[in-house]
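Asks: This structure is in C-alpha coordinates; I'll ask about it shortly.
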Amino acid sequence: MGSSYSAALIAKVFADSTLSIPVEVYRGYELEFEMPIALGKESCVVPISFSGETEDVVSALRFARKRGAYIVSVSGPEESTLVKEADQALQIISEDTKAMVAAHLSQIAVLYMLIGSLAKYHDKSDKIVEITRELNDLIAKLPEIIEREEEAAKKIAESVKDKELFYVISGGPTFGLAYKLAMTEITENAWAHGIVQYAGEFRHGIVEQMGEGLPVIFLIGTDASQVDLRRELETCKKLGAHTIIWDAKDFPRTDQYLTPFYLAIPTEWFVYHLSLLRGKPPSSRRYMGSVIPYANMKKLKK
(Lines give C-alpha, C1' and ligand atoms only; values in the text may rest on other atoms or scores of the structure.)
Protein backbone atom coordinates (compact mmCIF):
# COMPACT_ATOMS: atom_id res chain seq x y z
CA MET A 1 0.00 0.00 0.00
CA GLY A 2 1.06 3.64 -0.42
CA SER A 3 4.80 4.13 -0.96
CA SER A 4 5.39 0.37 -0.81
CA TYR A 5 2.90 -0.05 -3.66
CA SER A 6 4.85 2.57 -5.59
CA ALA A 7 8.06 0.56 -5.12
CA ALA A 8 6.27 -2.59 -6.31
CA LEU A 9 4.98 -0.84 -9.47
CA ILE A 10 8.50 0.31 -10.32
CA ALA A 11 9.92 -3.17 -9.67
CA LYS A 12 7.27 -4.82 -11.87
CA VAL A 13 8.39 -2.81 -14.91
CA PHE A 14 11.93 -4.01 -14.25
CA ALA A 15 10.72 -7.59 -13.77
CA ASP A 16 8.70 -7.63 -16.99
CA SER A 17 11.82 -6.88 -19.03
CA THR A 18 14.26 -8.99 -17.00
CA LEU A 19 12.53 -12.13 -15.71
CA SER A 20 10.49 -14.71 -17.62
CA ILE A 21 8.50 -15.65 -14.49
CA PRO A 22 5.23 -13.62 -14.46
CA VAL A 23 5.11 -10.91 -11.77
CA GLU A 24 1.86 -9.28 -10.62
CA VAL A 25 1.30 -6.44 -8.16
CA TYR A 26 -1.60 -6.35 -5.70
CA ARG A 27 -2.59 -3.72 -3.13
CA GLY A 28 -3.05 -5.47 0.21
CA TYR A 29 -6.61 -6.74 0.41
CA GLU A 30 -6.79 -6.75 -3.39
CA LEU A 31 -5.07 -10.16 -3.35
CA GLU A 32 -7.96 -11.57 -1.31
CA PHE A 33 -10.66 -9.71 -3.25
CA GLU A 34 -9.43 -11.08 -6.58
CA MET A 35 -8.34 -14.55 -5.35
CA PRO A 36 -6.01 -15.24 -8.32
CA ILE A 37 -6.37 -18.85 -9.38
CA ALA A 38 -2.61 -19.19 -9.94
CA LEU A 39 -1.81 -18.38 -6.30
CA GLY A 40 -0.62 -21.58 -4.65
CA LYS A 41 2.37 -23.78 -3.89
CA GLU A 42 4.17 -22.74 -7.09
CA SER A 43 3.92 -19.05 -6.15
CA CYS A 44 6.18 -16.69 -4.24
CA VAL A 45 4.45 -13.74 -2.54
CA VAL A 46 6.46 -10.69 -1.49
CA PRO A 47 4.57 -8.56 1.08
CA ILE A 48 6.11 -5.07 1.39
CA SER A 49 5.65 -2.76 4.36
CA PHE A 50 8.31 -0.66 6.07
CA SER A 51 6.61 -0.99 9.46
CA GLY A 52 5.92 -4.68 8.84
CA GLU A 53 2.51 -4.20 10.42
CA THR A 54 0.35 -2.60 7.70
CA GLU A 55 -3.06 -4.24 8.18
CA ASP A 56 -3.82 -4.87 4.50
CA VAL A 57 -0.38 -6.34 3.81
CA VAL A 58 -0.33 -8.60 6.87
CA SER A 59 -3.76 -9.93 5.84
CA ALA A 60 -2.48 -10.62 2.31
CA LEU A 61 0.51 -12.50 3.72
CA ARG A 62 -1.76 -14.75 5.78
CA PHE A 63 -4.09 -15.33 2.85
CA ALA A 64 -1.15 -16.32 0.66
CA ARG A 65 0.14 -18.61 3.39
CA LYS A 66 -3.20 -20.45 3.47
CA ARG A 67 -2.92 -20.96 -0.28
CA GLY A 68 0.52 -22.55 0.18
CA ALA A 69 2.65 -19.77 -1.30
CA TYR A 70 6.28 -19.18 -0.31
CA ILE A 71 6.65 -15.82 1.48
CA VAL A 72 9.61 -13.44 1.15
CA SER A 73 8.87 -10.21 3.03
CA VAL A 74 10.45 -6.78 2.62
CA SER A 75 10.23 -4.56 5.71
CA GLY A 76 12.12 -2.22 8.03
CA PRO A 77 14.34 -2.84 11.06
CA GLU A 78 11.66 -3.93 13.53
CA GLU A 79 11.00 -7.55 14.49
CA SER A 80 7.56 -7.22 12.93
CA THR A 81 4.75 -9.54 11.83
CA LEU A 82 6.13 -9.57 8.28
CA VAL A 83 9.50 -10.71 9.61
CA LYS A 84 8.06 -13.33 11.95
CA GLU A 85 5.55 -14.89 9.55
CA ALA A 86 7.59 -14.95 6.32
CA ASP A 87 9.67 -17.90 5.12
CA GLN A 88 12.45 -15.44 4.39
CA ALA A 89 12.66 -11.80 5.50
CA LEU A 90 14.58 -8.99 3.82
CA GLN A 91 14.95 -6.07 6.22
CA ILE A 92 16.03 -2.50 5.49
CA ILE A 93 18.25 -1.50 8.40
CA SER A 94 19.13 2.12 9.12
CA GLU A 95 20.26 4.05 12.17
CA ASP A 96 17.78 6.77 11.20
CA THR A 97 14.41 5.03 11.36
CA LYS A 98 12.63 8.24 10.36
CA ALA A 99 14.25 8.21 6.93
CA MET A 100 11.11 7.11 5.07
CA VAL A 101 12.29 8.74 1.84
CA ALA A 102 15.39 6.56 1.82
CA ALA A 103 13.25 3.57 2.82
CA HIS A 104 11.22 3.86 -0.40
CA LEU A 105 14.30 3.88 -2.62
CA SER A 106 15.81 1.06 -0.58
CA GLN A 107 12.67 -1.00 -1.18
CA ILE A 108 13.13 -0.54 -4.93
CA ALA A 109 16.80 -1.52 -4.72
CA VAL A 110 16.00 -4.65 -2.67
CA LEU A 111 13.28 -5.67 -5.13
CA TYR A 112 15.65 -5.13 -8.06
CA MET A 113 18.23 -7.37 -6.38
CA LEU A 114 15.62 -10.06 -5.73
CA ILE A 115 14.31 -9.95 -9.31
CA GLY A 116 17.82 -9.77 -10.77
CA SER A 117 18.91 -12.79 -8.72
CA LEU A 118 15.90 -14.78 -9.89
CA ALA A 119 16.66 -13.84 -13.50
CA LYS A 120 20.28 -14.91 -13.04
CA TYR A 121 19.35 -18.42 -11.93
CA HIS A 122 16.15 -18.91 -13.90
CA ASP A 123 17.00 -17.15 -17.17
CA LYS A 124 20.81 -17.05 -17.11
CA SER A 125 20.58 -13.25 -17.21
CA ASP A 126 23.50 -11.03 -16.16
CA LYS A 127 21.28 -7.97 -15.66
CA ILE A 128 21.91 -8.05 -11.90
CA VAL A 129 25.63 -7.45 -12.50
CA GLU A 130 24.90 -4.39 -14.61
CA ILE A 131 22.21 -2.96 -12.31
CA THR A 132 24.38 -3.48 -9.20
CA ARG A 133 27.31 -1.68 -10.80
CA GLU A 134 25.13 1.26 -11.83
CA LEU A 135 23.49 1.43 -8.39
CA ASN A 136 26.91 1.70 -6.78
CA ASP A 137 27.88 4.49 -9.20
CA LEU A 138 24.58 6.26 -8.58
CA ILE A 139 24.89 6.18 -4.77
CA ALA A 140 28.14 8.15 -4.95
CA LYS A 141 26.42 10.90 -6.96
CA LEU A 142 23.30 11.31 -4.82
CA PRO A 143 24.65 13.65 -2.07
CA GLU A 144 25.63 16.33 -4.60
CA ILE A 145 22.28 16.06 -6.41
CA ILE A 146 20.32 16.24 -3.13
CA GLU A 147 22.05 19.53 -2.28
CA ARG A 148 21.77 20.92 -5.81
CA GLU A 149 18.06 20.29 -6.33
CA GLU A 150 16.57 21.84 -3.19
CA GLU A 151 16.53 25.51 -4.18
CA ALA A 152 14.99 24.90 -7.61
CA ALA A 153 12.30 22.66 -6.12
CA LYS A 154 11.54 25.29 -3.47
CA LYS A 155 11.01 27.96 -6.16
CA ILE A 156 8.63 25.67 -8.03
CA ALA A 157 6.71 25.03 -4.80
CA GLU A 158 6.44 28.79 -4.21
CA SER A 159 4.93 29.26 -7.67
CA VAL A 160 2.08 26.79 -7.00
CA LYS A 161 1.62 26.95 -3.23
CA ASP A 162 -1.97 28.23 -3.55
CA LYS A 163 -3.08 25.58 -6.06
CA GLU A 164 -5.48 22.89 -4.85
CA LEU A 165 -5.26 20.41 -7.75
CA PHE A 166 -2.21 18.82 -9.35
CA TYR A 167 -2.01 16.30 -12.18
CA VAL A 168 1.07 14.07 -12.30
CA ILE A 169 1.79 12.31 -15.60
CA SER A 170 4.42 9.66 -16.30
CA GLY A 171 4.99 6.21 -17.77
CA GLY A 172 7.36 3.26 -17.78
CA PRO A 173 9.71 2.85 -14.78
CA THR A 174 8.86 6.33 -13.46
CA PHE A 175 5.09 5.82 -13.26
CA GLY A 176 5.36 4.25 -9.81
CA LEU A 177 7.16 7.36 -8.62
CA ALA A 178 4.41 9.53 -10.14
CA TYR A 179 1.85 7.51 -8.17
CA LYS A 180 3.80 8.15 -4.97
CA LEU A 181 4.13 11.86 -5.71
CA ALA A 182 0.41 12.33 -6.40
CA MET A 183 -1.20 9.96 -3.93
CA THR A 184 1.08 9.65 -0.91
CA GLU A 185 2.84 13.03 -1.01
CA ILE A 186 0.86 15.87 -2.63
CA THR A 187 -2.42 14.49 -1.26
CA GLU A 188 -1.21 13.08 2.05
CA ASN A 189 1.62 15.45 2.96
CA ALA A 190 0.71 18.77 1.31
CA TRP A 191 -3.09 18.38 1.68
CA ALA A 192 -3.78 19.28 -1.95
CA HIS A 193 -5.49 17.06 -4.52
CA GLY A 194 -2.98 14.94 -6.44
CA ILE A 195 -4.15 12.91 -9.44
CA VAL A 196 -1.83 10.50 -11.24
CA GLN A 197 -2.28 9.61 -14.91
CA TYR A 198 -0.44 7.09 -17.07
CA ALA A 199 1.09 8.70 -20.16
CA GLY A 200 -1.08 7.01 -22.78
CA GLU A 201 -4.32 7.90 -20.98
CA PHE A 202 -3.79 11.66 -21.30
CA ARG A 203 -5.70 11.88 -24.59
CA HIS A 204 -8.57 9.76 -23.25
CA GLY A 205 -9.79 12.02 -20.46
CA ILE A 206 -7.82 14.65 -18.60
CA VAL A 207 -6.86 16.60 -21.73
CA GLU A 208 -10.41 18.00 -21.47
CA GLN A 209 -9.51 19.47 -18.08
CA MET A 210 -6.38 21.30 -19.23
CA GLY A 211 -6.57 25.04 -18.81
CA GLU A 212 -4.75 28.24 -17.94
CA GLY A 213 -2.54 27.87 -14.87
CA LEU A 214 -3.46 24.28 -13.99
CA PRO A 215 -0.36 22.57 -12.47
CA VAL A 216 0.64 19.51 -14.48
CA ILE A 217 3.77 17.67 -13.37
CA PHE A 218 5.70 15.53 -15.86
CA LEU A 219 8.19 12.88 -14.72
CA ILE A 220 10.12 11.88 -17.83
CA GLY A 221 12.52 8.95 -17.89
CA THR A 222 14.84 7.68 -20.61
CA ASP A 223 12.65 4.73 -21.64
CA ALA A 224 10.28 4.56 -24.62
CA SER A 225 7.44 6.28 -22.72
CA GLN A 226 9.26 9.60 -23.06
CA VAL A 227 7.98 9.97 -26.64
CA ASP A 228 4.37 10.05 -25.44
CA LEU A 229 5.23 12.24 -22.48
CA ARG A 230 6.99 14.88 -24.57
CA ARG A 231 4.04 15.03 -26.96
CA GLU A 232 1.61 15.47 -24.08
CA LEU A 233 3.86 18.09 -22.53
CA GLU A 234 3.65 20.20 -25.68
CA THR A 235 -0.15 19.87 -25.68
CA CYS A 236 -0.33 21.09 -22.08
CA LYS A 237 1.86 24.07 -22.92
CA LYS A 238 -0.36 25.02 -25.87
CA LEU A 239 -3.43 24.86 -23.62
CA GLY A 240 -1.86 27.16 -21.05
CA ALA A 241 -1.25 24.68 -18.24
CA HIS A 242 1.41 25.42 -15.62
CA THR A 243 3.83 22.64 -16.55
CA ILE A 244 6.42 21.37 -14.09
CA ILE A 245 9.02 19.08 -15.60
CA TRP A 246 11.54 16.75 -14.02
CA ASP A 247 13.43 15.05 -16.82
CA ALA A 248 16.00 12.27 -16.44
CA LYS A 249 18.07 13.81 -19.24
CA ASP A 250 19.00 16.61 -16.81
CA PHE A 251 20.62 14.12 -14.43
CA PRO A 252 23.67 11.84 -14.79
CA ARG A 253 23.08 9.14 -17.34
CA THR A 254 22.07 5.78 -15.88
CA ASP A 255 20.11 2.63 -16.67
CA GLN A 256 16.50 3.49 -17.55
CA TYR A 257 15.27 1.47 -14.57
CA LEU A 258 17.26 3.62 -12.14
CA THR A 259 15.81 6.98 -13.19
CA PRO A 260 13.30 6.92 -10.28
CA PHE A 261 16.27 7.18 -7.90
CA TYR A 262 17.27 10.52 -9.42
CA LEU A 263 13.79 11.92 -9.99
CA ALA A 264 12.75 11.14 -6.41
CA ILE A 265 15.13 13.85 -5.17
CA PRO A 266 13.53 16.99 -6.67
CA THR A 267 10.01 15.63 -6.13
CA GLU A 268 10.71 15.02 -2.43
CA TRP A 269 12.12 18.53 -2.03
CA PHE A 270 9.11 19.93 -3.88
CA VAL A 271 6.57 18.30 -1.56
CA TYR A 272 8.60 19.16 1.52
CA HIS A 273 8.60 22.87 0.69
CA LEU A 274 5.05 22.81 -0.69
CA SER A 275 3.85 21.42 2.64
CA LEU A 276 5.67 24.09 4.63
CA LEU A 277 4.45 26.89 2.34
CA ARG A 278 0.90 25.64 2.83
CA GLY A 279 1.38 25.91 6.59
CA LYS A 280 1.68 22.29 7.68
CA PRO A 281 4.51 20.04 8.85
CA PRO A 282 5.06 17.43 6.11
CA SER A 283 4.63 14.51 8.51
CA SER A 284 1.44 15.74 10.20
CA ARG A 285 -1.86 13.90 9.77
CA ARG A 286 -5.49 14.93 10.25
CA TYR A 287 -7.12 11.50 10.25
CA MET A 288 -4.49 8.76 9.97
CA GLY A 289 -3.87 7.41 13.44
CA SER A 290 -6.89 9.11 15.02
CA VAL A 291 -9.87 8.33 12.78
CA ILE A 292 -8.12 5.72 10.61
CA PRO A 293 -5.70 3.36 12.42
CA TYR A 294 -2.30 2.77 10.85
CA ALA A 295 1.01 1.22 11.83
CA ASN A 296 2.63 3.44 14.45
CA MET A 297 6.05 4.40 13.13
CA LYS A 298 6.96 6.20 16.37
CA LYS A 299 7.73 2.93 18.12
CA LEU A 300 10.75 2.27 15.90
CA LYS A 301 14.03 2.20 17.76
CA LYS A 302 16.58 4.98 17.29
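Chain labels A, B, ... are given in the sequence in which chains occur in the C-alpha coordinates; within each chain residues are numbered consecutively from 1, and ligands are likewise numbered from 1 in the order shown.
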Applying 9 Å and only C-alpha atoms, which residues near Glu42 of chain A remain after dropping the ones on its own chain fewer than 3 positions away? List them as a PyMOL selection string.

Replies: chain A and resi 38-39+68-70

Asks: As a PDB file with N, CA and C atoms, in the first residue's frame, please: every residue in segment 147-253 of chain A that a backbone DSSP assignment puts in strand (DSSP E or B).

Replies:
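As a result, part_18.pdb now contains:
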```
ATOM      1  N   LEU A 165      -5.175  21.616  -6.905  1.00  0.00           N
ATOM      2  CA  LEU A 165      -5.263  20.414  -7.745  1.00  0.00           C
ATOM      3  C   LEU A 165      -4.002  20.290  -8.593  1.00  0.00           C
ATOM      4  N   PHE A 166      -3.410  19.104  -8.567  1.00  0.00           N
ATOM      5  CA  PHE A 166      -2.213  18.819  -9.352  1.00  0.00           C
ATOM      6  C   PHE A 166      -2.419  17.518 -10.131  1.00  0.00           C
ATOM      7  N   TYR A 167      -2.091  17.537 -11.413  1.00  0.00           N
ATOM      8  CA  TYR A 167      -2.011  16.298 -12.183  1.00  0.00           C
ATOM      9  C   TYR A 167      -0.544  15.894 -12.276  1.00  0.00           C
ATOM     10  N   VAL A 168      -0.282  14.595 -12.141  1.00  0.00           N
ATOM     11  CA  VAL A 168       1.072  14.071 -12.298  1.00  0.00           C
ATOM     12  C   VAL A 168       1.023  13.012 -13.395  1.00  0.00           C
ATOM     13  N   ILE A 169       1.836  13.191 -14.433  1.00  0.00           N
ATOM     14  CA  ILE A 169       1.795  12.311 -15.595  1.00  0.00           C
ATOM     15  C   ILE A 169       3.159  11.674 -15.810  1.00  0.00           C
ATOM     16  N   SER A 170       3.167  10.369 -16.033  1.00  0.00           N
ATOM     17  CA  SER A 170       4.415   9.664 -16.302  1.00  0.00           C
ATOM     18  C   SER A 170       4.112   8.325 -16.966  1.00  0.00           C
ATOM     19  N   HIS A 193      -5.013  18.207  -3.761  1.00  0.00           N
ATOM     20  CA  HIS A 193      -5.495  17.059  -4.524  1.00  0.00           C
ATOM     21  C   HIS A 193      -4.454  16.671  -5.580  1.00  0.00           C
ATOM     22  N   GLY A 194      -3.929  15.452  -5.465  1.00  0.00           N
ATOM     23  CA  GLY A 194      -2.982  14.941  -6.444  1.00  0.00           C
ATOM     24  C   GLY A 194      -3.602  13.808  -7.236  1.00  0.00           C
ATOM     25  N   ILE A 195      -3.566  13.925  -8.565  1.00  0.00           N
ATOM     26  CA  ILE A 195      -4.153  12.905  -9.440  1.00  0.00           C
ATOM     27  C   ILE A 195      -3.076  12.393 -10.384  1.00  0.00           C
ATOM     28  N   VAL A 196      -2.849  11.087 -10.377  1.00  0.00           N
ATOM     29  CA  VAL A 196      -1.835  10.504 -11.241  1.00  0.00           C
ATOM     30  C   VAL A 196      -2.476   9.958 -12.505  1.00  0.00           C
ATOM     31  N   GLN A 197      -1.768  10.077 -13.628  1.00  0.00           N
ATOM     32  CA  GLN A 197      -2.285   9.611 -14.912  1.00  0.00           C
ATOM     33  C   GLN A 197      -1.166   8.941 -15.690  1.00  0.00           C
ATOM     34  N   TYR A 198      -1.443   7.760 -16.241  1.00  0.00           N
ATOM     35  CA  TYR A 198      -0.445   7.092 -17.074  1.00  0.00           C
ATOM     36  C   TYR A 198      -0.364   7.802 -18.423  1.00  0.00           C
ATOM     37  N   PRO A 215      -1.665  23.235 -12.626  1.00  0.00           N
ATOM     38  CA  PRO A 215      -0.363  22.572 -12.466  1.00  0.00           C
ATOM     39  C   PRO A 215      -0.389  21.134 -12.990  1.00  0.00           C
ATOM     40  N   VAL A 216       0.494  20.855 -13.932  1.00  0.00           N
ATOM     41  CA  VAL A 216       0.639  19.508 -14.479  1.00  0.00           C
ATOM     42  C   VAL A 216       2.116  19.130 -14.387  1.00  0.00           C
ATOM     43  N   ILE A 217       2.397  18.099 -13.613  1.00  0.00           N
ATOM     44  CA  ILE A 217       3.771  17.668 -13.373  1.00  0.00           C
ATOM     45  C   ILE A 217       4.109  16.496 -14.292  1.00  0.00           C
ATOM     46  N   PHE A 218       5.220  16.598 -14.984  1.00  0.00           N
ATOM     47  CA  PHE A 218       5.695  15.527 -15.855  1.00  0.00           C
ATOM     48  C   PHE A 218       6.976  14.930 -15.284  1.00  0.00           C
ATOM     49  N   LEU A 219       6.979  13.609 -15.087  1.00  0.00           N
ATOM     50  CA  LEU A 219       8.187  12.878 -14.724  1.00  0.00           C
ATOM     51  C   LEU A 219       8.602  12.077 -15.954  1.00  0.00           C
ATOM     52  N   ILE A 220       9.707  12.465 -16.554  1.00  0.00           N
ATOM     53  CA  ILE A 220      10.125  11.880 -17.831  1.00  0.00           C
ATOM     54  C   ILE A 220      11.408  11.088 -17.645  1.00  0.00           C
ATOM     55  N   HIS A 242       0.166  25.118 -16.338  1.00  0.00           N
ATOM     56  CA  HIS A 242       1.413  25.423 -15.624  1.00  0.00           C
ATOM     57  C   HIS A 242       2.211  24.125 -15.550  1.00  0.00           C
ATOM     58  N   THR A 243       3.106  23.910 -16.480  1.00  0.00           N
ATOM     59  CA  THR A 243       3.830  22.640 -16.549  1.00  0.00           C
ATOM     60  C   THR A 243       5.075  22.668 -15.667  1.00  0.00           C
ATOM     61  N   ILE A 244       5.244  21.591 -14.935  1.00  0.00           N
ATOM     62  CA  ILE A 244       6.416  21.372 -14.086  1.00  0.00           C
ATOM     63  C   ILE A 244       7.082  20.104 -14.596  1.00  0.00           C
ATOM     64  N   ILE A 245       8.359  20.192 -14.922  1.00  0.00           N
ATOM     65  CA  ILE A 245       9.021  19.078 -15.600  1.00  0.00           C
ATOM     66  C   ILE A 245      10.254  18.638 -14.840  1.00  0.00           C
ATOM     67  N   TRP A 246      10.306  17.355 -14.510  1.00  0.00           N
ATOM     68  CA  TRP A 246      11.543  16.751 -14.024  1.00  0.00           C
ATOM     69  C   TRP A 246      11.913  15.657 -15.012  1.00  0.00           C
ATOM     70  N   ASP A 247      13.037  15.867 -15.677  1.00  0.00           N
ATOM     71  CA  ASP A 247      13.432  15.054 -16.818  1.00  0.00           C
ATOM     72  C   ASP A 247      14.753  14.357 -16.525  1.00  0.00           C
TER      73      ASP A 247
END
```

Asks: By how many Å are atom CA of Tyr121 of chain A and atom CA of Ile21 of chain A apart?

Replies: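 Computed distance, atom CA of Tyr121 of chain A to atom CA of Ile21 of chain A, equals 11.5 Å.
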
Asks: Could you tell me which of A:Leu233, A:Leu276, A:Gly213, A:Ser106 comes closest to Leu135 of chain A if we count only C-alpha atoms?

Replies: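 Smallest separation from Leu135 of chain A among the options: A:Ser106.
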
Asks: Would you kindly return, as a list in words, each protein, DNA or RNA residue with an atom no farther than 8 Å from any atom of Gln88 of chain A, considering only C-alpha atoms and excluding same-chain residues fewer than 2 positions away?

Replies: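 The filter keeps Ile71, Val72, Ser73, Val83, Ala86 and Leu90 of chain A.
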
Asks: Just the number, please: distance in Å from atom CA of Leu19 of chain A to atom CA of Ala119 of chain A, one decimal.

Replies: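 Here the two named atoms are 5.0 Å from each other.
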
Asks: Could you check how far atom CA of Val110 of chain A sits from atom CA of Lys41 of chain A, in Å to one decimal?

Replies: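 Taking atom CA of Val110 of chain A as the start and atom CA of Lys41 of chain A as the end point, the length is 23.5 Å.
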
Asks: Select, from A:Asp56, A:Glu85, A:Asp16, A:Asp223, the residue with the minimum atom-to-atom distance to Tyr29 of chain A, counting only C-alpha atoms.

Replies: A:Asp56

Asks: Near segment 123-130 of chain A, counting only C-alpha atoms, which residues have an atom at most 10 Å away, once you skip same-chain residues fewer than 4 positions from it, shown as a list in words?

Replies: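 Non-adjacent residues within range: Thr18, Leu19, Ser20, Ile21, Tyr112, Met113, Leu114, Ile115, Gly116, Ser117, Leu118, Ala119, Glu134, Leu135 and Asp255 of chain A.
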
Asks: Show me, as a PyMOL selection string, the residues that have an atom within 8 Å of Tyr257 of chain A when counting only C-alpha atoms, minus same-chain residues fewer than 3 positions from it.

Replies: chain A and resi 14+173+260

Asks: May I have the residues within 12 Å of Phe33 of chain A as a list in words, using only C-alpha atoms and disregarding those fewer than 6 positions away in the same chain?

Replies: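 Within the cut-off, the hits are Tyr26, Arg27, Asp56, Ser59, Ala60 and Phe63 of chain A.
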
Asks: Of the candidates A:Ala190, A:Leu229, A:Leu105, A:Ile93, which shows the shortest atom-to-atom distance to Arg203 of chain A, using only C-alpha atoms?

Replies: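 Closest candidate: A:Leu229.
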
Asks: Considering only C-alpha atoms, state which residue in the set A:Ser159, A:Gln256, A:Ser4, A:Gln209 is at the smallest distance from Gly240 of chain A.

Replies: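 Closest to Gly240 of chain A, using only C-alpha atoms: A:Gln209.
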